[in-house]
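Q: Got a structure for you, written out below as C-alpha cells; questions coming shortly.
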Amino acid sequence: MTPRRAGAFIIGLTVVGIALAMFGRAAAPATPVRVGSKSFTESYVVAEIVARVIEEVAEASVERRFGLGGTGIAFGALASGEIDVYPEYTGTISRAILKDASVTTIDALRSRLRPLGLTISDPLGFANTYALAVARATATRLGLRTISDLARHPGLTAAFDPGFIDRDDGWRGLRRHYGLPLTRVTGMEHALTYQAVASGHVDVIDVFSTDGQLERYDLVVLEDDRHFFPEYAAVLLARASLPERLPRTWSALRERLAGRIDRLTMVRLNAAVELDHRTFAQAAATFLGDRDAAQPARRHDLIGDVGRLTLEHLALVAVSLAVAVAIGLPLGLVAARHRVVGQVELMSVGVLQTIPALALLAFMIPLFGIGKLPALVALSLYALLPIVRNTYAGVSSLDRQLVDMAAVMQLGRWQRLAWIELPLASVTIMAGIKTAAVLTVGTATLAAFIGGGGYGTLIVTGLALNDVRMILAGAIPAALMALAIHVAFEALDRLVVPRPLRGARDTA
Amino acid sequence: MLALRDVTKTFGARVAVDHVSLTVARGTTRILLGSSGSGKSTILRLILGLLRPDHGEISVDGGMGYVVQEGALYPHLTARQNATLPARAQEWSTARMAERLDVLAKLVALDPDLLDLYPAELSGGQRQRVGLARALMLDPPVLLLDEPLGALDPISRAELQTHLVAIFRELGKTVLFVTHDVREAFLFGSTITLLDNGRVVQEGTFEDLARRPAERYVAEFLRAQVPPPDMTAYL
C-alpha cells in the first residue's frame with residue numbers, strides 16, 4: 001500500500017464514520033418531547049411524572065431517555081438538544097452548570113439560562129440538599145446531632161460519592177467551612193455507601209435529604225447548623241423552545257407539578273421504589289392519583305430483559321470492535337513503517353486510554369448526541385490501543401532476514417503484507433484484538449449512562465435502586481460474555497493464525 | 001556480469017565496506033572469503049539493494065537469487081509454497097509453478113514427498129535445498145549465497161558442497177559465494193576475494209593466495225583453518 005493509498009483508506013473510514021453519525025442524528029424523530037433523567041431514583045421518578053403529564057396533555061408524544069448518568073451527561077444531552085427537559089436542582093444549576101454560586105433566585109437563574117437557550121420551571125416543592133448521615137447507633141454513642149459535632153471525632157471514617165468529594169459545594173467546601181479534621185475519606189458510588197455505613201465499614205456518608213433509604217437503614221441526618229449547603233430546590237430544566245413549541249404542555253406541567261411535590265412526598269416516592277420495589281411508573285402513577293397504574297404489582301422485571309440486553313451488549317462489542325480493527329490495523333501498519341508517525345500515533349492512542357470512560361462518553365454527547373452511536377464511537381476509541389500497539393509490535397519485530405527476502409523476491413507491497421507480514425504477525429495481532437474484545441465487554445457496561453443500552457442498563461438501574469440482584473444480573477452475564485468471547489477467539493485463532501505459527505505462542 | 005566499483009558503506013563511525021572493487025564475469029563463481037565482520041554479508045546486501053552505498057557504483061545485469069545461512073524460509077508456508085513464492089509474485093499459473101518445481105527439486109536433490117511439509121519439519125540440509133530451489137525459481141542469471149552451508153552438520157555440509165559445485169557449473173550462473181571456510185573456498189576451485197575489515201586484501205586463485213600472500217594476514221587466515229598434520233594422518 002502506498003502512503004497515499006493508506007491515507008485515502010483512513011480518510012475513507014473517517015468519512016463513513018461521520019456519515020453514520022449524521023444519519024444517526026437525522027433519524028431521530030423531531031416531534032416528540034424527549035424527557036431525560038439522571039441515573040438515580042428521584043430523577044427517574046420525577047422524569048416519569050413529567051412524561052405522564054405530557055402524555056395526558058397529548059400535545060406531543062413522549063420519548064423517555066432516562067438514566068443519563070450524572071450532571072455532565074444529562075446536561076450535555078440537554079445542551080446539545082438530545083433531550084428537551086429533565087429534573088434538575090437549583091444548586092446544581094448555579095454551581096455546576098453556570099459556575100456562579102451567587103445566582104440563587106429562580107428569576108436570576110432564568111435570565112442566566114436564557115442566553116444558553118434554556119429555561120427552568122418554578123420549583124416543584126421539595127429540595128434535595130446534600131447532607132451528612134451516620135448510623136443511629138453511632139449518633140447515640142458519640143452524641144452526634146450536628147455537622148459541627150463531627151469536629152470532635154477526627155478518627156471517624158467517611159465514604160462519599162466521588163461527585164461530592166471534589167466539589168466546592170461538597171466535601172471540599174464543607175471541610176473548610178466547619179474546619180472538620182476527618183482524614184479517612186474514601187470515594188464510593190453513592191448507592192453503595194448506605195450498605196457501607198449500615199454494615200459499620202464507615203461512619204459518615206453523604207446523603208440527599210429526600211433519600212428513601214434514610215428510613216431503611218435507620219440513619220440520622222446531621223443538622224447543617226452552620227448553613228453550609230445551599231438549597232437544591234427541584235425544578236425542571238428545559239430547552240427554551242419547549243414552552244414556545246408546546247405551551248399547553250408547559251402550563252400543564254406548571255399546574256400539576258410546581259409546588260406540588262413536597263419533601264415528604266418525595267421521600268415516600270423514593271421509598272416506594274427503593275423499599276417497596278414499585279416501578280418508577282407505579283410511583284409516578286401514585287403521585288398523579290392514577291390508582292390502576294399504581295397497583296402494587298410485581299416490579300416489571302428488567303432481569304427478564306437479559307436476552308434483549310445480551311443482544312444489545314453483543315452488538316455494542318461487535319460493532320465497536322470491528323470499527324477498532326478497521327482503524328487500528330492500518331494505524332498499526334503505518335506506525336510500523338514510519339518511526340516518527342508511529343511514536344506520535346502510539347502516544348495519542350495511549351493518551352486516549354487515560355481518559356476515564358465516563359468522561360470520554362460525556363465528550364461524545366456534543367458530537368454524537370446520546371444513545372448507541374456515541375457509545376460505539378467511545379468504545380471503538382477505547383479498543384484502539386491494544387490493536388494498534390500489537391499490530392505495530394508484531395509487524396516491526398519480524399525477523400529481518402524474512403523481511404529482506406520478501407524485498408529480494410520483489411513482492412509487491414500488498415503481496416508482502418498479505419502473504420508475509422500479516423500472517424507472521426498474526427499471533428501478536430490476534431492477541432491484541434482479543435484483549436480489546438474482552439476489555440470492551442467490560443467498558444460497554446458504561447454505555448447505559450448515555451442511553452447506549454446493553455448489560456449496563458441493569459447495572460445503572462440496579463445502582464440507582466440499590467438492588468444488588470439487578471446489578472448482578474448485569475454484571476454476571478457481562479463476565480460470562482467476556483469468558484465466551486475469550487473462548488471464541490481461541491477458536492478464531494485456529495482460522496486466522498497459520499498452523500505452524502500456533503505453537504510459537506507458548507514460546508514467544 | 002556483476003561489478004562493484006569503489007564501493008564504501010559506513011554504519012556510524014564503523015567502515016563496513018572500504019573502497020571495494022570487484023568484478024564477477026558472467027557464468028563464473030567468485031568466493032568472497034573472510035572472517036565474520038569482514039564485510040562479506042554487507043557487500044551482498046548492497047548488491048541486493050537492501051542497503052545503499054555511501055560511495056561507489058554497483059551494477060548487476062539481470063535478476064538475482066539469494067540464499068542465506070538459516071535458509072530464511074517462511075515458517076507459515078510449506079516447502080512448496082516457499083519455493084514457488086517468487087513465481088507466485090509474478091502471477092505464474094499453478095501448473096507452470098508445479099512443473100518448474102519438479103525440475104528444481106530434481107536439480108537440488110529434494111525428495112518431492114517433502115514439498116508439503118513446513119520448514120520446522122525439515123532438516124537443515126533439506127531447508128537449504130528448498131532455499132536454493134526458491135532462489136533458482138525464476139532462473140535468475142545471478143546467484144548470491146551468504147554462508148549457505150554455515151549452519152549445517154558436517155556430513156550434509158560436505159554433501160551439499162559437492163552438489164553446489166556441480167549445479168553452478170551445470171547452470172552457468174554468475175555466482176557470488178560468501179564463506180569463512182577455507183576448505184569450502186578451495187573446493188569450488190574458482191577465484192577468491194579475501195576480505196578483512198571491509199577491505200579487499202587479495203584476489204586470486206587458492207594457489208595465488210597460498211603461495212604468494214599479499215600480506216601476512218592472508219597466510220595467517222589460511223593457516224588458521226588447516227587441520228593439524230598429525231590429525232590428517234589418521235584420516
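To be explicit about the labels: the chains of the C-alpha cells are called A, B, and onward in the order shown, and within each one the residues are counted from 1, while ligands get numbers from 1 in the order they are shown.
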So which residues touch Gly442 in chain A within 8 Å, counting only C-alpha atoms, skipping near sequence neighbours fewer than 5 positions away, as a PyMOL selection string?
A: chain A and resi 478-479+482
Q: Would you mind listing what lies within 12 Å of range 217-231 of chain B as an MDAnalysis selection string, with only C-alpha atoms counted and same-chain residues fewer than 3 positions away left out?
A: chainID B and resid 33:35 180:186 192:197 200:204 206:214 234:235
Q: Just need the residues of chain B within 8 Å of chain A, counting only C-alpha atoms, so spit them out as a list in words.
A: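 Selected residues: Leu48, Leu50, Met64, Gly65, Tyr66, Ala72, Leu73, Tyr74, Pro75, His76, Leu85, Pro86, Ala89, Tyr118 and Ala120 of chain B.
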Q: Store the residues picked out above in a file with C-alpha atoms, as a JSON list (two decimals), in the first residue's frame.
A:
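Listing of selection_25.json after writing:
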```json
[["chain", "number", "residue", "atom", "x", "y", "z"],
["B", 48, "LEU", "CA", 20.72, -6.79, -3.47],
["B", 50, "LEU", "CA", 18.80, -3.79, 0.71],
["B", 64, "MET", "CA", 19.18, -12.20, -8.52],
["B", 65, "GLY", "CA", 18.56, -15.27, -6.38],
["B", 66, "TYR", "CA", 19.55, -15.07, -2.72],
["B", 72, "ALA", "CA", 15.13, -17.73, 5.72],
["B", 73, "LEU", "CA", 12.17, -19.89, 4.78],
["B", 74, "TYR", "CA", 8.76, -18.57, 5.86],
["B", 75, "PRO", "CA", 7.61, -20.73, 8.77],
["B", 76, "HIS", "CA", 3.93, -20.40, 7.86],
["B", 85, "LEU", "CA", 6.76, -17.69, -3.83],
["B", 86, "PRO", "CA", 8.81, -15.64, -6.35],
["B", 89, "ALA", "CA", 4.53, -12.87, -7.11],
["B", 118, "TYR", "CA", 6.59, -26.94, 6.81],
["B", 120, "ALA", "CA", 10.05, -26.76, 11.02]]
```
Q: Applying 9 Å and only C-alpha atoms, which residues near range 65-80 of chain A remain after dropping the ones on its own chain fewer than 6 positions away? List them as number ranges by chain.
A: A: 34-40, 43-44, 47-48, 86, 88, 92, 96-97, 116-118, 163, 237-239, 358-359, 361-363, 365-367, 369-371, 448-451, 457, 460-461, 464
Q: Nearest to Ile155 in chain B: which of B:Val24, B:Leu77, B:Gly125, B:Thr8 is it, counting only C-alpha atoms?
A: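 That would be B:Gly125, the residue with the smallest distance to Ile155 in chain B.
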Q: What is the distance between CA of Leu156 in chain A and CA of Val202 in chain A, in Å to one decimal?
A: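 That distance, rounded to one decimal, is 7.7 Å.
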Q: Near Gln69 in chain B, within 7 Å and counting only C-alpha atoms, which residues show up once chain neighbours fewer than 4 positions away are dropped, as a list in words?
A: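 What passes the distance filter is Asp146, Glu147, Pro148, Leu149, Gly150 and Ala151 of chain B.
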Q: Which one of B:Ile58, B:Met137, B:Ala83, B:Leu51 sits closest to Leu114 in chain B if you count only C-alpha atoms?
A: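 Looking only at the distances to Leu114 in chain B, the closest residue turns out to be B:Ala83.
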Q: Give the helix (DSSP H, G or I) residues of range 22-185 of chain B, as assigned by DSSP on the backbone, as a PyMOL selection string.
A: chain B and resi 40-47+79-89+94-107+112-116+119-121+124-136+154-171+182-185
Q: Would you mind telling me which residue in B:His163, B:His19, B:Arg96, B:Lys106 lies nearest to Arg5 in chain B when using only C-alpha atoms?
A: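 Between B:His163, B:His19, B:Arg96, B:Lys106, the residue approaching Arg5 in chain B most closely is B:His19.
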Q: Need to verify the contact set: Thr42 in chain B, 12 Å, only C-alpha atoms, exclusion of same-chain residues closer than 3 positions in sequence. Can you return it as a PyMOL selection string?
A: chain B and resi 7-11+15-18+20+32+36-39+45-53+144+146+178+195+197-199
Q: Can you write out the residues you just picked, keeping N, CA, C and O atoms, as a CSV table (one decimal), in the first residue's frame?
A:
```csv
chain,number,residue,atom,x,y,z
B,7,VAL,N,33.2,0.7,-3.9
B,7,VAL,CA,32.1,0.9,-3.0
B,7,VAL,C,32.5,1.0,-1.6
B,7,VAL,O,33.3,0.2,-1.1
B,8,THR,N,31.8,2.0,-0.9
B,8,THR,CA,32.1,2.2,0.5
B,8,THR,C,30.8,2.3,1.3
B,8,THR,O,29.8,2.9,0.7
B,9,LYS,N,30.7,1.6,2.4
B,9,LYS,CA,29.5,1.7,3.3
B,9,LYS,C,29.9,1.8,4.7
B,9,LYS,O,30.7,1.0,5.2
B,10,THR,N,29.4,2.9,5.4
B,10,THR,CA,29.7,3.0,6.8
B,10,THR,C,28.4,2.9,7.6
B,10,THR,O,27.4,3.3,7.1
B,11,PHE,N,28.6,2.4,8.8
B,11,PHE,CA,27.5,2.4,9.8
B,11,PHE,C,28.0,3.3,10.9
B,11,PHE,O,28.8,2.8,11.8
B,15,VAL,N,33.5,1.6,9.4
B,15,VAL,CA,33.5,1.4,8.0
B,15,VAL,C,33.3,-0.1,7.7
B,15,VAL,O,34.2,-0.9,8.0
B,16,ALA,N,32.2,-0.5,7.2
B,16,ALA,CA,31.9,-1.9,7.0
B,16,ALA,C,32.4,-2.4,5.6
B,16,ALA,O,32.9,-3.5,5.5
B,17,VAL,N,32.4,-1.5,4.6
B,17,VAL,CA,32.9,-1.8,3.3
B,17,VAL,C,33.8,-0.7,2.9
B,17,VAL,O,33.3,0.5,2.9
B,18,ASP,N,35.0,-0.9,2.6
B,18,ASP,CA,36.0,0.1,2.4
B,18,ASP,C,36.6,0.1,1.0
B,18,ASP,O,37.5,-0.6,0.7
B,20,VAL,N,35.7,-1.0,-2.0
B,20,VAL,CA,35.8,-2.4,-2.6
B,20,VAL,C,35.4,-2.3,-4.1
B,20,VAL,O,34.4,-1.8,-4.4
B,32,LEU,N,33.8,-15.1,-1.9
B,32,LEU,CA,34.1,-14.0,-1.0
B,32,LEU,C,34.4,-14.5,0.3
B,32,LEU,O,33.6,-15.0,1.1
B,36,SER,N,34.1,-13.4,10.2
B,36,SER,CA,32.9,-12.6,10.5
B,36,SER,C,33.2,-11.2,10.8
B,36,SER,O,34.2,-10.9,11.4
B,37,GLY,N,32.4,-10.3,10.3
B,37,GLY,CA,32.6,-8.9,10.5
B,37,GLY,C,33.6,-8.3,9.4
B,37,GLY,O,33.9,-7.1,9.5
B,38,SER,N,34.0,-9.1,8.4
B,38,SER,CA,34.9,-8.6,7.4
B,38,SER,C,34.2,-7.8,6.3
B,38,SER,O,34.8,-7.2,5.5
B,39,GLY,N,32.8,-7.8,6.4
B,39,GLY,CA,32.0,-7.0,5.4
B,39,GLY,C,31.4,-7.8,4.3
B,39,GLY,O,30.8,-7.3,3.4
B,45,ARG,N,24.3,-7.5,0.7
B,45,ARG,CA,23.1,-6.7,1.0
B,45,ARG,C,23.1,-5.4,0.1
B,45,ARG,O,22.1,-4.9,-0.3
B,46,LEU,N,24.4,-4.9,-0.2
B,46,LEU,CA,24.5,-3.7,-1.0
B,46,LEU,C,24.1,-4.1,-2.5
B,46,LEU,O,23.4,-3.4,-3.1
B,47,ILE,N,24.6,-5.3,-2.9
B,47,ILE,CA,24.3,-5.7,-4.3
B,47,ILE,C,22.8,-5.9,-4.5
B,47,ILE,O,22.2,-5.6,-5.5
B,48,LEU,N,22.2,-6.5,-3.4
B,48,LEU,CA,20.7,-6.8,-3.5
B,48,LEU,C,19.9,-5.5,-3.4
B,48,LEU,O,18.7,-5.6,-3.6
B,49,GLY,N,20.5,-4.4,-3.1
B,49,GLY,CA,19.7,-3.2,-2.9
B,49,GLY,C,19.0,-3.0,-1.6
B,49,GLY,O,18.2,-2.1,-1.4
B,50,LEU,N,19.4,-3.9,-0.6
B,50,LEU,CA,18.8,-3.8,0.7
B,50,LEU,C,19.5,-2.7,1.5
B,50,LEU,O,18.9,-2.1,2.4
B,51,LEU,N,20.7,-2.3,1.0
B,51,LEU,CA,21.4,-1.2,1.6
B,51,LEU,C,21.9,-0.3,0.5
B,51,LEU,O,22.0,-0.8,-0.7
B,52,ARG,N,22.1,1.0,0.8
B,52,ARG,CA,22.6,1.9,-0.2
B,52,ARG,C,24.0,2.2,0.1
B,52,ARG,O,24.4,2.5,1.2
B,53,PRO,N,24.9,2.2,-0.9
B,53,PRO,CA,26.3,2.5,-0.7
B,53,PRO,C,26.5,4.0,-0.4
B,53,PRO,O,25.7,4.8,-1.0
B,144,LEU,N,23.4,-15.1,-5.3
B,144,LEU,CA,24.2,-14.6,-4.2
B,144,LEU,C,23.9,-15.6,-3.0
B,144,LEU,O,22.8,-15.8,-2.6
B,146,ASP,N,24.9,-16.4,0.9
B,146,ASP,CA,25.6,-15.9,2.2
B,146,ASP,C,25.8,-17.1,3.2
B,146,ASP,O,24.8,-17.4,3.9
B,178,VAL,N,29.6,-16.4,-0.4
B,178,VAL,CA,30.2,-15.9,0.8
B,178,VAL,C,30.5,-17.0,1.7
B,178,VAL,O,29.6,-17.8,2.0
B,195,LEU,N,38.7,-10.8,2.2
B,195,LEU,CA,38.3,-9.5,2.8
B,195,LEU,C,38.8,-9.5,4.2
B,195,LEU,O,38.8,-10.5,4.9
B,197,ASN,N,38.3,-6.5,7.4
B,197,ASN,CA,37.8,-5.2,7.9
B,197,ASN,C,37.2,-4.3,6.7
B,197,ASN,O,37.5,-3.2,6.6
B,198,GLY,N,36.5,-5.0,5.9
B,198,GLY,CA,35.8,-4.3,4.8
B,198,GLY,C,36.7,-3.9,3.6
B,198,GLY,O,36.2,-3.3,2.7
B,199,ARG,N,37.9,-4.4,3.6
B,199,ARG,CA,38.9,-4.1,2.6
B,199,ARG,C,39.2,-5.4,1.8
B,199,ARG,O,39.3,-6.4,2.4
```
Q: Find the spatial neighbours of Leu2 in chain B, counting only C-alpha atoms, within a cut-off of 8 Å - ignore same-chain residues fewer than 3 positions away - and output them as a list in words.
A: Thr23, Val24, Ala25, Arg26, Ile58, Ser59, Val60, Asp61, Val142 and Thr174 of chain B
